[in-house]
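Quick notes on the structure that follows.
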Amino acid sequence: MLIKASNLTIAYDKKEVVHKININVQKGEIITIVGPNGSGKTTVLKALTRIIKYKKGEILLEGKEIRKIKDKKIAKKIAILPQTRNTPEDFNVETLVRYGRFPHTNWQGKLSKEDKDIIDWAIKKTGMSHFRKNKLTELSGGERQRAWIAMALAQKTEIIVLDEPTTFLDLSHQLEVLELVKNLNKSENVTILMVLHDLNQAIRYSTRIYVMEKGKVIAKGNPEEIISSELLKDVFRVNSDFYEDKRHECNHFIPYKIEREIHDRRNIK
Amino acid sequence: MIKKENIDYKIDHRIFKIAVIFIMFIITLIIGISYGSLKINIIDVFKAIFFESDGLNHNIIFNVRLPRNLVAAMVGINLALSGVTLQGVMNNPLASPGLIGVSSGAGFMAFVIMILFPDYAYLVPIGAFIGAIATSFLIYLLAYKQGVSAIRLILSGVAVSAFIGAGINILMTFYPDKVSGGLSFMIGGLSGKTWPDFFSIWPYTLIGSVLCILLSNQINLLQLGDEVAIGLGLNVEKIRRIFIIFASFLAASAVSVAGLLGFVGLIVPHITRLIVGSDYRYLYPATIGVGAITLVGCDLIARMLFDPVELPVGIIMAVLGAPFFLYLLREKR
């Protein structure tokens with residue numbers, strides 16, 4: 001078990017936003033957390049990667065409490081691609097990817113031959129070789145996202161955590177990023193933990209899904225089994241039709257109507 | 001192969017720029033020392049510094065101009081380093097030493113001493129230093145809540161500075177006749193600075209410069225955002241605290257010697273960034289050079305422009321520096 005979070009409770013100030021959830025990540029999986037806005041997906045991701053502190057419960061990274069592991073050591077196990085990040089105007093792709101080696105170098109950040117090889121490999125793997133010397137601000141949204149993934153890849157970790165990696169990208173770039181993620185999982189055996197908004201993409205790319213609602217995990221498991229029209233109705237308040245995606249041998253749904261009744265009834269109460 | 005050459009060329013480029021900056025610094029320093037009410041040629045300057053032990057030239061050069069120019073350089077370096085550091089740790093281009101209360105704290109203490117205890121005017125530098133450090137410590141504490149976020153620090157800095165500003169205004173309102181002494185501190189200047197001032201500031205410059213350059217890789221990570229930096233294994237909280245301490249000591253030491261020279265800490269980092277880019281491994285050394293050039297150069301102009309009347313260097317810096325900065329800003333984009 002790579003990551004095992006039990007009875008995890010997270011609070012902002014005194015307000016509890018995630019209540020006693022359990023999440024496990026095993027080697028080689030692609031795990032996606034889905035749920036409506038405000039359900040606590042990103043919060044969980046941040047706690048699992050020690051960006052925010054949690055209140056109760058425990059998070060074990062390879063059996064060891066994450067709070068007791070040194071920062072750089074965690075960074076050798078888990079790479080993160082958060083949503084909030086800052087792009088210095090004059091940094092080029094290579095400069096960014098170099099920082100992926102930070103946890104592996106000493107405090108001066110001197111790169112060895114091996115570090116340089118890994119940087120080259122990460123740039124190549126993400127298809128960024130042509131853009132190596134381009135400034136990040138000159139790239140398209142999809143290319144920039146790939147550059148950040150290259151940085152995470154250069155960390156050479158077992159797990160890469162991605163928070164909504166496809167948000168703000170157009171259709172082809174979304175596909176490109178998700179195919180890259182899948183490819184990394186297959187060919188490099190990198191374990192993936194991510195948050196996605198598009199449920200059809202989640203079904204297609206994940207080996208396991210956690211569905212969150214109001215700070216709780218309300219369903220987990222094989223995407224085929226748990227994403228059903230009942231669940232979509234309960235959690236996302238939509239009625240939908242399910243179809244079979246023959247090419248990818250998985251389900252695909254189309255939502256057609258918002259379930260207003262449940263909403264209205266709640267408001268009256 | 002072609003790519004390899006490209007990489008090397010780029011790095012050389014920045015190192016070359018830094019080298020030029022430092023050569024310019026040396027030249028500015030020599031001009032600063034040889035020009036003044038009495039123009040002394042360069043050979044005589046060297047003679048006066050290294051060989052003579054008496055005489056007019058020696059007195060002017062060694063006892064007046066050399067220490068004053070060195071103090072100017074150190075003040076420039078400290079303020080510029082402080083500003084560029086704060087801009088990095090706050091991830092905010094408007095950050096400057098004033099933001100962490102250094103200006104308001106030092107200014108308030110200067111006013112208190114000059115107005116309420118005029119007999120102890122010689123305590124202004126040490127008082128200003130204490131005021132600056134205490135205020136930035138207070139701001140840090142007030143911003144602290146499970147760690148310090150950049151935005152909370154900036155806002156609590158604004159609030160505390162406004163509060164202390166009110167204190168200064170109260171003093172000015174009740175003692176309008178005694179305002180002038182404090183006012184010259186607020187404007188800032190290098191008039192009459194000599195060896196004791198140099199000795200009180202150089203340790204900060206040396207230690208600050210060395211530590212900043214050693215930790216440049218760390219501050220680079222902060223530029224990518226807190227969450228990315230944490231993900232890369234940086235203890236963001238600790239590094240930010242260390243850099244804020246650097247910045248407040250650097251600025252406090254400068255302010256206690258030369259008064260509130262607000263401009264240097266804000267604009268010099270940006271000028272330098274336009275020249276060498278935002279990678280702190282290059283930005284720090286370049287900032288040291290540009291900070292020193294700016295203050296030595298502006299002080300020279302301040303002394304020469306209406307000779308024998310001397311202008312406060314702060315005024316020259318704002319009048320020349322701001323348009324120069326705007327020019328760079330428009331040219332580069």
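In the structure tokens, chains take the letters A, B, ... in the order shown, each chain's residues start at 1, and ligands count up from 1 in the order shown.
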* To do: Please return, as JSON, numbers by chain, all residues of chain B lying within 12 Å of chain A when only C-alpha atoms are considered.
  => {"B": [3, 4, 6, 7, 10, 11, 88, 90, 91, 92, 93, 145, 146, 147, 211, 212, 213, 214, 215, 216, 217, 218, 219, 220, 221, 222, 223, 224, 225, 226, 227, 228, 229, 230, 231, 232, 233, 234, 235, 236, 237, 238, 239, 273, 274, 275, 276, 277, 278, 279, 280, 281, 332, 333]}
* Would you give me, as a PyMOL selection string, the residues in region 40-170 of chain A that DSSP reads as helix (DSSP H, G or I)? -> chain A and resi 41-48+66-68+71-77+93-104+113-125+129-131+136-138+141-154
* **All strand (DSSP E or B) positions in region 21-259 of chain A, as a VMD selection string** => chain A and resid 21 to 25 30 to 34 56 to 61 64 to 65 78 to 81 92 135 159 to 163 191 to 195 208 to 213 216 to 221 238 to 245 250 to 258
* Write out as an NGL selection string each polymer residue whose atoms come within 7 Å of region 234-239 of chain A, counting only C-alpha atoms; drop sequence neighbours fewer than 5 positions from it. => :A and (36 or 213 or 229 or 255-259)
Write a file of the just-selected residues containing N, CA and C atoms, as a compact mmCIF listing (two decimals), in the first residue's frame.
```txt
# COMPACT_ATOMS: atom_id res chain seq x y z
N PRO A 36 -19.17 16.68 -6.72
CA PRO A 36 -19.61 18.03 -7.08
C PRO A 36 -18.67 19.10 -6.50
N GLU A 213 -19.04 13.41 -1.60
CA GLU A 213 -20.13 14.37 -1.49
C GLU A 213 -20.12 14.94 -0.08
N SER A 229 -26.73 5.46 -13.02
CA SER A 229 -27.67 6.58 -13.16
C SER A 229 -28.25 6.97 -11.79
N PRO A 255 -25.89 13.22 -19.68
CA PRO A 255 -26.93 13.77 -18.80
C PRO A 255 -27.95 14.53 -19.62
N TYR A 256 -29.23 14.41 -19.31
CA TYR A 256 -30.23 15.09 -20.13
C TYR A 256 -31.14 16.02 -19.34
N LYS A 257 -31.20 15.88 -18.03
CA LYS A 257 -32.15 16.73 -17.30
C LYS A 257 -31.66 16.93 -15.87
N ILE A 258 -31.80 18.15 -15.39
CA ILE A 258 -31.42 18.40 -13.99
C ILE A 258 -32.58 18.01 -13.10
N GLU A 259 -32.28 17.30 -12.08
CA GLU A 259 -33.28 16.84 -11.12
C GLU A 259 -33.59 17.98 -10.17
```
* To do: May I have the residues within 6 Å of Leu8 (chain A) as number ranges by chain, using only C-alpha atoms and disregarding those fewer than 5 positions away in the same chain?
  => A: 20-21, 56-57
Just write the chosen residues, N, CA and C atoms, as an mmCIF file, in the first residue's frame.
```cif
data_model
loop_
_atom_site.group_PDB
_atom_site.id
_atom_site.type_symbol
_atom_site.label_atom_id
_atom_site.label_comp_id
_atom_site.auth_asym_id
_atom_site.auth_seq_id
_atom_site.Cartn_x
_atom_site.Cartn_y
_atom_site.Cartn_z
ATOM 1 N N LYS A 20 -13.933 12.054 8.376
ATOM 2 C CA LYS A 20 -13.603 10.640 8.597
ATOM 3 C C LYS A 20 -13.606 9.791 7.323
ATOM 4 N N ILE A 21 -12.774 10.149 6.380
ATOM 5 C CA ILE A 21 -12.785 9.353 5.161
ATOM 6 C C ILE A 21 -11.598 8.392 5.125
ATOM 7 N N LYS A 56 -7.726 15.123 12.262
ATOM 8 C CA LYS A 56 -7.748 13.820 12.934
ATOM 9 C C LYS A 56 -7.484 12.713 11.927
ATOM 10 N N GLY A 57 -7.250 11.531 12.455
ATOM 11 C CA GLY A 57 -6.992 10.386 11.604
ATOM 12 C C GLY A 57 -5.507 10.277 11.302
#
```
Using only C-alpha atoms, determine which residues lie at most 7 Å from region 267-269 of chain B, disregarding the query and same-chain residues fewer than 5 positions distant; provide the list as a PDB file with N, CA and C atoms, in the first residue's frame.
```pdb
ATOM      1  N   ALA B  80      18.294  47.011  -1.696  1.00  0.00           N
ATOM      2  CA  ALA B  80      17.934  46.289  -2.915  1.00  0.00           C
ATOM      3  C   ALA B  80      17.789  44.796  -2.630  1.00  0.00           C
ATOM      4  N   GLY B  83      14.582  44.201  -0.759  1.00  0.00           N
ATOM      5  CA  GLY B  83      13.412  44.294  -1.633  1.00  0.00           C
ATOM      6  C   GLY B  83      13.277  43.088  -2.544  1.00  0.00           C
ATOM      7  N   VAL B  84      14.368  42.670  -3.149  1.00  0.00           N
ATOM      8  CA  VAL B  84      14.282  41.560  -4.106  1.00  0.00           C
ATOM      9  C   VAL B  84      13.929  40.269  -3.369  1.00  0.00           C
ATOM     10  N   THR B 287      21.649  42.147  -8.393  1.00  0.00           N
ATOM     11  CA  THR B 287      20.988  43.142  -7.548  1.00  0.00           C
ATOM     12  C   THR B 287      21.992  43.857  -6.651  1.00  0.00           C
ATOM     13  N   VAL B 290      23.662  46.415  -8.959  1.00  0.00           N
ATOM     14  CA  VAL B 290      22.789  47.514  -9.386  1.00  0.00           C
ATOM     15  C   VAL B 290      22.390  48.383  -8.189  1.00  0.00           C
ATOM     16  N   GLY B 291      22.136  47.758  -7.056  1.00  0.00           N
ATOM     17  CA  GLY B 291      21.791  48.521  -5.850  1.00  0.00           C
ATOM     18  C   GLY B 291      22.898  49.487  -5.479  1.00  0.00           C
TER      19      GLY B 291
END
```
* Tell me, as JSON, numbers by chain, which residues lie within 12 Å of Ala202 (chain A), counting only C-alpha atoms; anything in the same chain fewer than 3 positions away does not count. => {"A": [30, 31, 32, 33, 34, 35, 164, 165, 166, 175, 178, 182, 193, 194, 195, 196, 197, 198, 199, 205, 206, 207, 208, 209, 210, 211, 222, 223, 224, 226, 227, 250, 251, 252, 253]}
Using only C-alpha atoms, tabulate the residues of region 41-156 of chain A lying at most 10 Å from any atom of region 23-29 of chain A, each with its closest atom pair and that distance in Å to one decimal, by chain and increasing residue number, as a tab-separated table.
```
residue	atom	partner	partner_atom	distance
A:Val44	CA	A:Ile23	CA	9.3
A:Leu48	CA	A:Ile23	CA	9.4
A:Ile59	CA	A:Ile23	CA	9.1
A:Leu60	CA	A:Asn24	CA	9.5
A:Leu61	CA	A:Val25	CA	9.6
A:Glu62	CA	A:Gln26	CA	9.8
```
